[in-house]
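The data block below is coords_0.csv; it holds CSV, C-alpha atoms (C1' of nucleotides).
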```
chain,number,residue,atom,x,y,z
A,1127,MET,CA,90.9,189.0,125.4
A,1128,GLU,CA,90.0,189.9,128.9
A,1129,ASN,CA,89.4,186.6,130.6
A,1130,ALA,CA,92.3,185.0,132.3
A,1131,PHE,CA,90.9,181.5,131.7
A,1132,ALA,CA,91.1,181.7,128.0
A,1133,GLU,CA,94.3,183.6,128.0
A,1134,ARG,CA,96.1,181.0,130.1
A,1135,LEU,CA,94.6,178.1,128.1
A,1136,VAL,CA,95.7,179.5,124.8
A,1137,ALA,CA,99.2,180.1,126.1
A,1138,TRP,CA,99.4,176.6,127.4
A,1139,GLN,CA,98.1,175.2,124.2
A,1140,ARG,CA,100.8,177.0,122.3
A,1141,ASP,CA,103.6,175.5,124.4
A,1142,HIS,CA,102.2,172.2,125.5
A,1143,GLY,CA,99.2,171.3,123.4
A,1144,ARG,CA,99.0,169.0,120.4
A,1145,HIS,CA,99.9,170.5,117.1
A,1146,ASP,CA,100.6,167.5,114.9
A,1147,LEU,CA,97.3,165.7,114.8
A,1148,PRO,CA,96.5,164.7,111.2
A,1149,TRP,CA,93.1,166.5,111.2
A,1150,GLN,CA,94.6,169.9,112.2
A,1151,VAL,CA,94.3,171.0,108.7
A,1152,ASP,CA,92.4,173.6,106.7
A,1153,ASP,CA,89.9,171.2,105.3
A,1154,PRO,CA,86.3,170.9,106.6
A,1155,TYR,CA,85.9,167.4,105.4
A,1156,ARG,CA,88.9,166.2,107.4
A,1157,VAL,CA,87.9,168.2,110.4
A,1158,TRP,CA,84.3,166.8,110.2
A,1159,LEU,CA,85.5,163.2,109.8
A,1160,SER,CA,87.8,163.5,112.8
A,1161,GLU,CA,85.2,165.0,115.0
A,1162,ILE,CA,82.7,162.2,114.3
A,1163,MET,CA,85.3,159.6,114.9
A,1164,LEU,CA,86.4,161.3,118.1
A,1165,GLN,CA,82.8,161.4,119.5
A,1166,GLN,CA,83.1,158.1,121.4
A,1167,THR,CA,86.6,157.1,120.7
A,1168,GLN,CA,90.0,158.3,122.0
A,1169,VAL,CA,92.6,159.9,119.8
A,1170,ALA,CA,95.0,157.0,120.0
A,1171,THR,CA,92.4,154.6,118.5
A,1172,VAL,CA,91.1,157.1,116.0
A,1173,LEU,CA,94.5,157.8,114.4
A,1174,ASP,CA,94.7,154.4,112.6
A,1175,TYR,CA,91.1,154.4,111.4
A,1176,TYR,CA,91.3,158.0,110.3
A,1177,ALA,CA,94.3,157.4,108.0
A,1178,ARG,CA,92.7,154.3,106.5
A,1179,PHE,CA,89.3,155.9,106.1
A,1180,LEU,CA,90.8,158.9,104.4
A,1181,ALA,CA,92.8,156.8,102.0
A,1182,ARG,CA,89.7,155.0,101.0
A,1183,PHE,CA,87.4,158.1,101.0
A,1184,PRO,CA,89.7,161.1,100.3
A,1185,SER,CA,86.9,163.6,99.8
A,1186,VAL,CA,83.2,164.2,100.7
A,1187,GLU,CA,82.4,163.4,97.1
A,1188,THR,CA,84.0,159.9,97.1
A,1189,LEU,CA,82.3,159.2,100.4
A,1190,ALA,CA,78.9,160.3,99.2
A,1191,GLU,CA,79.2,158.1,96.1
A,1192,ALA,CA,80.4,155.0,97.9
A,1193,PRO,CA,78.0,152.2,98.9
A,1194,VAL,CA,77.0,152.5,102.6
A,1195,ASP,CA,78.4,149.0,103.1
A,1196,ASP,CA,81.9,150.2,102.1
A,1197,VAL,CA,81.6,153.0,104.6
A,1198,LEU,CA,80.6,150.5,107.3
A,1199,ALA,CA,83.4,148.2,106.4
A,1200,ALA,CA,85.9,151.1,106.8
A,1201,TRP,CA,84.3,151.9,110.2
A,1202,SER,CA,84.4,148.3,111.3
A,1203,GLY,CA,85.9,148.1,114.8
A,1204,LEU,CA,85.2,151.6,115.8
A,1205,GLY,CA,81.8,150.9,117.2
A,1206,TYR,CA,78.7,153.0,117.3
A,1207,TYR,CA,77.9,152.2,113.7
A,1208,SER,CA,75.1,154.7,113.5
A,1209,ARG,CA,78.0,157.2,113.3
A,1210,ALA,CA,79.1,155.7,110.0
A,1211,ARG,CA,75.5,155.6,108.6
A,1212,ASN,CA,75.0,159.2,109.5
A,1213,LEU,CA,78.4,160.1,108.1
A,1214,HIS,CA,77.4,158.7,104.8
A,1215,LYS,CA,74.0,160.4,104.9
A,1216,ALA,CA,75.6,163.7,105.7
A,1217,ALA,CA,78.1,163.4,102.9
A,1218,LYS,CA,75.2,162.9,100.4
A,1219,ARG,CA,73.5,165.9,101.9
A,1220,VAL,CA,76.6,168.1,101.6
A,1221,MET,CA,76.9,167.1,98.0
A,1222,ASP,CA,73.2,167.5,97.1
A,1223,VAL,CA,72.3,170.5,99.2
A,1224,TYR,CA,75.6,172.4,99.4
A,1225,GLY,CA,77.3,171.4,96.2
A,1226,GLY,CA,80.1,169.7,98.1
A,1227,ALA,CA,81.0,172.7,100.3
A,1228,PHE,CA,80.4,172.3,104.0
A,1229,PRO,CA,78.2,175.0,105.5
A,1230,GLN,CA,80.1,177.3,107.8
A,1231,ALA,CA,77.6,178.2,110.5
A,1232,ARG,CA,77.2,176.1,113.5
A,1233,SER,CA,73.4,176.2,113.3
A,1234,GLU,CA,73.6,174.8,109.7
A,1235,LEU,CA,76.1,172.2,110.5
A,1236,GLU,CA,73.8,171.0,113.3
A,1237,THR,CA,71.2,170.1,110.8
A,1238,LEU,CA,73.4,167.4,109.3
A,1239,PRO,CA,72.9,163.9,110.6
A,1240,GLY,CA,75.4,162.8,113.3
A,1241,ILE,CA,76.3,166.4,114.2
A,1242,GLY,CA,74.9,167.8,117.4
A,1243,ARG,CA,75.6,171.1,119.1
A,1244,SER,CA,79.1,170.4,120.4
A,1245,THR,CA,80.4,168.7,117.2
A,1246,ALA,CA,78.9,171.4,115.1
A,1247,ALA,CA,80.7,174.0,117.2
A,1248,ALA,CA,84.0,172.1,117.0
A,1249,ILE,CA,83.8,171.9,113.2
A,1250,ALA,CA,82.8,175.6,112.9
A,1251,ALA,CA,85.6,176.6,115.1
A,1252,PHE,CA,88.4,174.4,113.7
A,1253,ALA,CA,87.4,174.6,110.0
A,1254,PHE,CA,86.0,178.1,109.8
A,1255,GLY,CA,87.3,180.0,112.8
A,1256,GLU,CA,83.8,180.6,114.1
A,1257,ARG,CA,83.5,181.8,117.7
A,1258,GLU,CA,81.5,178.9,119.1
A,1259,ALA,CA,81.7,177.0,122.4
A,1260,ILE,CA,82.1,173.2,122.6
A,1261,LEU,CA,81.1,171.1,125.5
A,1262,ASP,CA,82.4,167.6,125.2
A,1263,GLY,CA,83.6,165.3,128.0
A,1264,ASN,CA,86.9,167.0,128.3
A,1265,VAL,CA,85.4,170.4,128.6
A,1266,LYS,CA,82.8,169.3,131.1
A,1267,ARG,CA,85.6,167.8,133.3
A,1268,VAL,CA,87.7,171.0,133.1
A,1269,LEU,CA,84.9,173.3,133.8
A,1270,THR,CA,83.2,171.4,136.6
A,1271,ARG,CA,86.6,171.2,138.4
A,1272,ALA,CA,87.8,174.7,137.7
A,1273,PHE,CA,84.6,176.3,138.7
A,1274,GLY,CA,83.5,173.7,141.3
A,1275,ILE,CA,80.2,172.9,139.6
A,1276,ALA,CA,78.6,169.9,141.3
A,1277,GLY,CA,75.8,167.7,139.9
A,1278,PHE,CA,75.9,165.1,137.1
A,1279,PRO,CA,76.7,167.0,133.8
A,1280,GLY,CA,74.3,164.9,131.9
A,1281,GLU,CA,71.5,166.4,134.0
A,1282,LYS,CA,69.6,169.1,132.2
A,1283,ALA,CA,70.1,171.9,134.6
A,1284,VAL,CA,73.8,171.2,135.1
A,1285,GLU,CA,74.4,171.0,131.4
A,1286,LYS,CA,72.6,174.3,130.8
A,1287,LYS,CA,74.9,175.9,133.4
A,1288,LEU,CA,77.9,174.5,131.7
A,1289,TRP,CA,76.9,175.7,128.2
A,1290,ALA,CA,76.4,179.2,129.6
A,1291,LEU,CA,79.7,179.1,131.2
A,1292,ALA,CA,81.5,177.7,128.1
A,1293,GLU,CA,80.0,180.6,126.1
A,1294,ARG,CA,80.9,183.2,128.6
A,1295,LEU,CA,84.6,182.0,128.6
A,1296,LEU,CA,85.0,182.2,124.9
A,1297,PRO,CA,87.9,184.5,123.8
A,1298,GLU,CA,87.4,187.1,121.2
A,1299,THR,CA,90.2,185.8,119.1
A,1300,GLY,CA,92.3,182.6,118.9
A,1301,ILE,CA,89.3,180.3,118.8
A,1302,GLN,CA,91.2,177.4,117.3
A,1303,ALA,CA,93.9,177.4,119.9
A,1304,TYR,CA,91.4,177.8,122.7
A,1305,THR,CA,89.2,175.0,121.5
A,1306,GLN,CA,92.1,172.7,120.9
A,1307,GLY,CA,93.5,173.7,124.3
A,1308,GLN,CA,90.4,172.6,126.1
A,1309,MET,CA,90.5,169.2,124.5
A,1310,ASP,CA,94.2,168.8,125.1
A,1311,LEU,CA,94.1,169.9,128.7
A,1312,GLY,CA,91.2,167.5,129.4
A,1313,ALA,CA,92.9,164.7,127.6
A,1314,THR,CA,96.5,165.1,128.9
A,1315,VAL,CA,96.4,167.1,132.2
A,1316,CYS,CA,92.9,167.3,133.7
A,1317,THR,CA,92.3,163.6,133.3
A,1318,ARG,CA,89.6,161.6,135.0
A,1319,GLY,CA,91.8,159.4,137.2
A,1320,ARG,CA,94.9,161.3,138.3
A,1321,PRO,CA,94.8,164.8,137.1
A,1322,ALA,CA,98.3,166.4,136.8
A,1323,CYS,CA,97.4,169.5,138.8
A,1324,ILE,CA,101.1,170.2,139.4
A,1325,VAL,CA,101.5,171.1,135.7
A,1326,CYS,CA,98.1,172.5,135.1
A,1327,PRO,CA,97.9,176.1,133.8
A,1328,MET,CA,94.5,176.6,135.5
A,1329,VAL,CA,95.5,175.3,138.9
A,1330,ASP,CA,95.6,178.8,140.5
A,1331,GLY,CA,91.9,179.5,140.3
A,1332,CYS,CA,90.7,175.9,140.3
A,1333,VAL,CA,88.1,175.1,142.9
A,1334,ALA,CA,88.6,171.4,142.8
A,1335,ALA,CA,92.3,171.6,143.1
A,1336,ARG,CA,92.0,174.0,146.0
A,1337,GLU,CA,89.4,172.0,147.9
A,1338,GLY,CA,90.8,168.6,147.1
A,1339,ARG,CA,87.7,167.6,145.1
A,1340,THR,CA,89.1,166.4,141.8
A,1341,GLY,CA,88.0,163.0,142.8
A,1342,GLU,CA,84.4,164.1,143.2
A,1343,LEU,CA,84.2,166.3,140.1
A,1344,PRO,CA,82.6,165.9,137.7
A,1345,THR,CA,79.8,164.3,139.7
A,1346,PRO,CA,79.4,160.8,138.4
A,1347,ARG,CA,76.3,159.6,136.7
A,1348,PRO,CA,73.7,158.5,139.3
A,1349,LYS,CA,73.7,154.7,139.7
A,1350,LYS,CA,71.2,153.1,137.4
A,1351,THR,CA,68.2,151.7,139.3
A,1352,VAL,CA,69.4,148.2,139.6
A,1353,PRO,CA,67.3,145.5,138.0
A,1354,THR,CA,64.9,143.4,140.1
A,1355,ARG,CA,64.9,139.7,140.3
A,1356,ASP,CA,62.3,137.5,141.9
A,1357,THR,CA,62.7,134.2,143.6
A,1358,VAL,CA,60.7,131.9,145.8
A,1359,MET,CA,62.5,130.4,148.7
A,1360,LEU,CA,61.0,127.2,150.0
A,1361,MET,CA,61.2,126.9,153.8
A,1362,LEU,CA,60.7,123.2,154.0
A,1363,THR,CA,60.7,121.7,157.6
A,1364,TRP,CA,60.6,118.2,158.9
A,1365,GLN,CA,60.3,117.6,162.6
A,1366,ASP,CA,62.8,120.2,164.0
A,1367,LYS,CA,64.8,120.4,160.9
A,1368,VAL,CA,65.0,122.6,157.8
A,1369,TRP,CA,66.1,121.6,154.3
A,1370,LEU,CA,69.1,123.6,153.2
A,1371,GLU,CA,71.3,123.4,150.1
A,1372,ARG,CA,74.9,124.4,149.5
A,1373,ARG,CA,75.2,127.1,146.9
A,1374,PRO,CA,77.8,126.8,144.1
A,1375,PRO,CA,81.2,128.1,145.1
A,1376,SER,CA,81.1,131.1,142.7
A,1377,GLY,CA,78.4,133.6,142.1
A,1378,ILE,CA,76.1,135.2,144.6
A,1379,TRP,CA,76.3,133.8,148.1
A,1380,GLY,CA,79.0,131.4,146.8
A,1381,GLY,CA,79.5,128.4,149.0
A,1382,LEU,CA,76.9,129.4,151.6
A,1383,LEU,CA,74.0,127.3,152.8
A,1384,SER,CA,70.7,128.6,151.6
A,1385,LEU,CA,67.1,127.7,151.1
A,1386,PRO,CA,66.1,126.0,147.8
A,1387,GLU,CA,65.0,128.5,145.2
A,1388,PHE,CA,62.3,128.4,142.6
A,1389,ALA,CA,61.2,130.7,139.8
A,1390,GLY,CA,57.6,130.7,141.1
A,1391,SER,CA,55.5,129.4,144.0
A,1392,GLY,CA,53.9,126.9,141.6
A,1393,ALA,CA,57.2,125.2,140.9
A,1394,ALA,CA,58.1,125.3,144.6
A,1395,GLU,CA,54.8,123.6,145.5
A,1396,ASP,CA,55.1,121.0,142.8
A,1397,TRP,CA,58.4,119.9,144.1
A,1398,ALA,CA,57.4,120.0,147.7
A,1399,CYS,CA,54.2,118.0,147.1
A,1400,SER,CA,56.2,115.4,145.1
A,1401,LEU,CA,57.9,114.4,148.3
A,1402,GLY,CA,55.0,113.0,150.1
A,1403,ASN,CA,52.5,114.3,152.6
A,1404,VAL,CA,53.4,118.0,152.6
A,1405,ASP,CA,51.4,121.0,154.0
A,1406,VAL,CA,52.2,124.1,152.1
A,1407,ASP,CA,51.5,127.3,153.9
A,1408,ILE,CA,50.4,130.6,152.5
A,1409,ALA,CA,53.4,132.6,151.4
A,1410,TRP,CA,54.9,135.1,153.8
A,1411,PRO,CA,55.3,138.7,152.9
A,1412,GLU,CA,58.0,139.4,150.4
A,1413,LEU,CA,61.4,140.3,151.5
A,1414,GLU,CA,63.7,142.7,149.7
A,1415,HIS,CA,67.4,142.3,149.6
A,1416,VAL,CA,69.6,144.9,147.8
A,1417,PHE,CA,72.9,144.0,146.1
A,1418,THR,CA,75.2,146.4,144.3
A,1419,HIS,CA,73.9,145.2,141.0
A,1420,TYR,CA,70.3,144.0,141.5
A,1421,ARG,CA,67.4,143.9,143.9
A,1422,LEU,CA,66.3,140.5,145.0
A,1423,ILE,CA,62.6,140.1,145.9
A,1424,ILE,CA,62.2,137.0,148.0
A,1425,THR,CA,58.9,135.2,148.4
A,1426,PRO,CA,59.2,132.9,151.4
A,1427,LEU,CA,57.0,129.8,151.1
A,1428,PRO,CA,56.8,127.7,154.3
A,1429,ALA,CA,56.0,124.1,154.1
A,1430,ARG,CA,56.0,121.1,156.4
A,1431,LEU,CA,56.8,117.5,155.6
A,1432,ARG,CA,54.5,115.3,157.6
A,1433,GLU,CA,55.6,112.0,156.3
A,1434,GLY,CA,57.2,110.6,153.1
A,1435,SER,CA,60.6,110.5,151.6
A,1436,ALA,CA,62.7,112.3,154.1
A,1437,ASN,CA,65.8,111.2,152.1
A,1438,LEU,CA,64.9,113.5,149.2
A,1439,VAL,CA,67.4,114.6,146.7
A,1440,ARG,CA,67.6,117.7,144.5
A,1441,ASP,CA,70.4,118.4,142.0
A,1442,GLY,CA,73.1,120.3,143.9
A,1443,GLY,CA,72.4,118.2,146.9
A,1444,GLY,CA,71.1,119.3,150.3
A,1445,ASP,CA,70.5,118.2,153.8
A,1446,TRP,CA,68.2,118.4,156.8
A,1447,TRP,CA,69.6,120.8,159.3
A,1448,PRO,CA,68.5,121.2,162.9
A,1449,LEU,CA,67.3,124.8,163.0
A,1450,ALA,CA,69.6,125.9,165.8
A,1451,GLU,CA,72.6,124.4,164.0
A,1452,ALA,CA,71.6,126.0,160.7
A,1453,LEU,CA,71.4,129.5,162.3
A,1454,ASP,CA,75.0,129.2,163.3
A,1455,ALA,CA,76.2,128.1,159.9
A,1456,GLY,CA,77.1,130.5,157.2
A,1457,LEU,CA,73.9,131.8,155.8
A,1458,PRO,CA,73.0,134.7,153.6
A,1459,ALA,CA,71.6,137.5,155.7
A,1460,PRO,CA,68.0,137.3,154.4
A,1461,VAL,CA,67.9,133.5,154.8
A,1462,LYS,CA,69.1,133.9,158.3
A,1463,ARG,CA,66.3,136.3,159.0
A,1464,LEU,CA,63.8,133.9,157.5
A,1465,LEU,CA,65.0,131.0,159.6
A,1466,GLY,CA,65.0,133.2,162.7
A,1467,ARG,CA,61.3,133.8,162.2
A,1468,LEU,CA,60.8,130.0,161.8
A,1469,ALA,CA,62.6,129.2,165.0
A,1470,PRO,CA,60.0,130.1,167.7
A,1471,ARG,CA,57.5,127.5,166.3
A,1472,ALA,CA,60.0,124.7,165.5
B,632,DA,C1',84.1,144.8,136.1
B,633,DA,C1',82.2,149.2,135.6
B,634,DG,C1',82.0,153.7,133.7
B,635,DA,C1',82.9,157.2,130.0
B,636,DC,C1',81.6,159.0,125.7
B,637,DG,C1',77.8,162.6,121.9
B,638,DG,C1',73.9,162.2,119.3
B,639,DG,C1',69.6,159.9,117.9
B,640,DG,C1',65.3,158.4,118.7
B,641,DG,C1',61.5,156.8,121.4
B,642,DA,C1',58.4,157.9,125.3
C,1476,DT,C1',61.1,167.8,125.9
C,1477,DC,C1',63.4,164.4,128.5
C,1478,DC,C1',65.6,160.0,129.0
C,1479,DC,C1',67.8,155.9,127.6
C,1480,DC,C1',70.7,153.5,124.6
C,1481,DA,C1',74.9,152.0,122.0
C,1482,DG,C1',80.1,149.5,121.2
C,1483,DT,C1',84.6,149.9,122.4
C,1484,DC,C1',88.2,151.2,125.4
C,1485,DT,C1',90.0,152.6,129.9
C,1486,DT,C1',90.6,152.4,134.7
```
Using structure tokens, write down the structure from this file.
Amino acid sequence: MENAFAERLVAWQRDHGRHDLPWQVDDPYRVWLSEIMLQQTQVATVLDYYARFLARFPSVETLAEAPVDDVLAAWSGLGYYSRARNLHKAAKRVMDVYGGAFPQARSELETLPGIGRSTAAAIAAFAFGEREAILDGNVKRVLTRAFGIAGFPGEKAVEKKLWALAERLLPETGIQAYTQGQMDLGATVCTRGRPACIVCPMVDGCVAAREGRTGELPTPRPKKTVPTRDTVMLMLTWQDKVWLERRPPSGIWGGLLSLPEFAGSGAAEDWACSLGNVDVDIAWPELEHVFTHYRLIITPLPARLREGSANLVRDGGGDWWPLAEALDAGLPAPVKRLLGRLAPRA
DNA sequence: AAGACGGGGGA
DNA sequence: TCCCCAGTCTT
């Protein structure tokens, strides 16, 4: 083999990789089962389930003949239960279409339910020695770091680049050791949190190690657009005072003074008007406040109490605050902004 | 308390 | 074709 990457990896796998995993056997059924279990689950967790599952369903035939509920029961606790349903479907297909013998080609394995490109390649390589590239989370981490590939690997263009690279790096021989080596290196050395670059066989050419970027690579998934919540804040004034309420000690703005909130302007108006002679203004333009986990859209609704029950009560309590005093108290930033706009006319 | 994980299925 | 989701574990 002429590429140093594969050469080093295979040598490392021989000396430091894992050789005693129960699915490192010459049996496509066991290889397949392990690859499905390992899809979203780590080795340590899989070991137990794998042994029990195999005891209950020792062959693709017994699996195919079992009721799907039994399969799900054996899977119970592993999560992602569609994996178990697909496993059962695939077992039936292997029996019906292939007479119980797994197909050998990656392309054909890929047609079975629950088997995508990477899983198909892993089965083809481990069970049949086919020269196929895998691209699971471990490989993505190793490749993005070693070659300094930025951009979220789930993104189409980045993933395409990684697949091309993975195929280019494939050795001519020793596909099992090479494939296992990538998985082992990613799982035990090139880990997400604190990669052990000091013992890594690839550290010499590694872009991330050289440039101190192991913390940035692989590029994390872009933050989900945070959900949006809407609230109406009633800016109720009486003489030169504003009605404020103390927020609960925990949660957002815990313990701060804030304006009373309502789900809609209707609810806010209803409450305000129940207090007596109240003028409700037209709502002010919406105010957006961004938290780490959601966006809050605030509709400020100004209202003035002319006369009536100034000793009003709302659950959670509240008080009339002279505007100047309120502005000095602990207030959420957007509430302070709102009260600031109120001040000139108070 | 949030992100990782591979494939399926819906848009 | 692309994007979002799922269920458990790890950090």
Check which residues of chain C sit at most 10 Å from chain A using all atoms listed in the file, and return one row each with the closest pair of atoms and their distance in Å to one decimal, ordered by chain and rising number, as a tab-separated table.
```
residue	atom	partner	partner_atom	distance
C:DC1477	C1'	A:Lys1282	CA	8.6
C:DA1481	C1'	A:Tyr1206	CA	6.1
C:DG1482	C1'	A:Gly1205	CA	4.6
C:DT1483	C1'	A:Gly1205	CA	6.0
C:DC1484	C1'	A:Thr1167	CA	7.7
C:DT1485	C1'	A:Gln1168	CA	9.7
C:DT1486	C1'	A:Gly1319	CA	7.5
```
Could you please take those selected residues and save C-alpha atoms (C1' of nucleotides) as a PDB file, in the coordinates of the input?
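Once written, again_2.pdb looks like this:
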```pdb
ATOM      1  C1'  DC C1477      63.400 164.400 128.500  1.00  0.00           C
ATOM      2  C1'  DA C1481      74.900 152.000 122.000  1.00  0.00           C
ATOM      3  C1'  DG C1482      80.100 149.500 121.200  1.00  0.00           C
ATOM      4  C1'  DT C1483      84.600 149.900 122.400  1.00  0.00           C
ATOM      5  C1'  DC C1484      88.200 151.200 125.400  1.00  0.00           C
ATOM      6  C1'  DT C1485      90.000 152.600 129.900  1.00  0.00           C
ATOM      7  C1'  DT C1486      90.600 152.400 134.700  1.00  0.00           C
TER       8       DT C1486
END
```
Using all atoms listed in the file, which chain A residues lie at most 9 Å away from chain B, written as a tab-separated table (two decimals) with C-alpha atoms, in the frame of the given file?
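Wrote it out as result.tsv, contents follow:
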```
chain	number	residue	atom	x	y	z
A	1165	GLN	CA	82.80	161.40	119.50
A	1166	GLN	CA	83.10	158.10	121.40
A	1167	THR	CA	86.60	157.10	120.70
A	1208	SER	CA	75.10	154.70	113.50
A	1209	ARG	CA	78.00	157.20	113.30
A	1239	PRO	CA	72.90	163.90	110.60
A	1240	GLY	CA	75.40	162.80	113.30
A	1241	ILE	CA	76.30	166.40	114.20
A	1242	GLY	CA	74.90	167.80	117.40
A	1244	SER	CA	79.10	170.40	120.40
A	1245	THR	CA	80.40	168.70	117.20
A	1262	ASP	CA	82.40	167.60	125.20
A	1263	GLY	CA	83.60	165.30	128.00
A	1346	PRO	CA	79.40	160.80	138.40
A	1347	ARG	CA	76.30	159.60	136.70
```
I'd like the contact shell of Pro1428 in chain A - 10 Å cut-off, only C-alpha atoms (C1' of nucleotides), skipping same-chain residues fewer than 3 positions apart - returned as a ChimeraX atom specification. /A:1359-1363,1395,1405-1410,1425,1464,1468
Resulting file, chosen residues, C-alpha atoms, as a compact mmCIF listing (two decimals), keeping the file's coordinate frame:
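Output file again32.txt is given in full below:
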```
# COMPACT_ATOMS: atom_id res chain seq x y z
CA MET A 1359 62.50 130.40 148.70
CA LEU A 1360 61.00 127.20 150.00
CA MET A 1361 61.20 126.90 153.80
CA LEU A 1362 60.70 123.20 154.00
CA THR A 1363 60.70 121.70 157.60
CA GLU A 1395 54.80 123.60 145.50
CA ASP A 1405 51.40 121.00 154.00
CA VAL A 1406 52.20 124.10 152.10
CA ASP A 1407 51.50 127.30 153.90
CA ILE A 1408 50.40 130.60 152.50
CA ALA A 1409 53.40 132.60 151.40
CA TRP A 1410 54.90 135.10 153.80
CA THR A 1425 58.90 135.20 148.40
CA LEU A 1464 63.80 133.90 157.50
CA LEU A 1468 60.80 130.00 161.80
```
For CA of Thr1357 in chain A and C1' of DC1479 in chain C, quote the distance in Å rounded to one decimal.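 Between these atoms lies a distance of 27.4 Å.
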In Å to one decimal, how far is CA of Leu1370 in chain A from CA of Leu1385 in chain A?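 These atoms are spaced 5.0 Å apart.
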Would you mind listing what lies within 10 Å of Pro1148 in chain A as a PyMOL selection string, with only C-alpha atoms (C1' of nucleotides) counted and same-chain residues fewer than 3 positions away left out? chain A and resi 1145+1151+1156-1157+1160+1173+1176-1177
Just the selected residues (C-alpha atoms), exported as a compact mmCIF listing (two decimals), in the coordinates of the input, please.
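Resulting contents of again-v9.txt:
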```
# COMPACT_ATOMS: atom_id res chain seq x y z
CA HIS A 1145 99.90 170.50 117.10
CA VAL A 1151 94.30 171.00 108.70
CA ARG A 1156 88.90 166.20 107.40
CA VAL A 1157 87.90 168.20 110.40
CA SER A 1160 87.80 163.50 112.80
CA LEU A 1173 94.50 157.80 114.40
CA TYR A 1176 91.30 158.00 110.30
CA ALA A 1177 94.30 157.40 108.00
```
Atom-to-atom span, CA of Arg1211 in chain A and CA of Leu1261 in chain A, Å: 23.6 Å
With distances taken over all atoms listed in the file, which of A:Pro1193, A:Gly1300, A:Gly1312, A:Gly1255 is nearest to Gln1230 in chain A?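 Distance minimum relative to Gln1230 in chain A lands on A:Gly1255.
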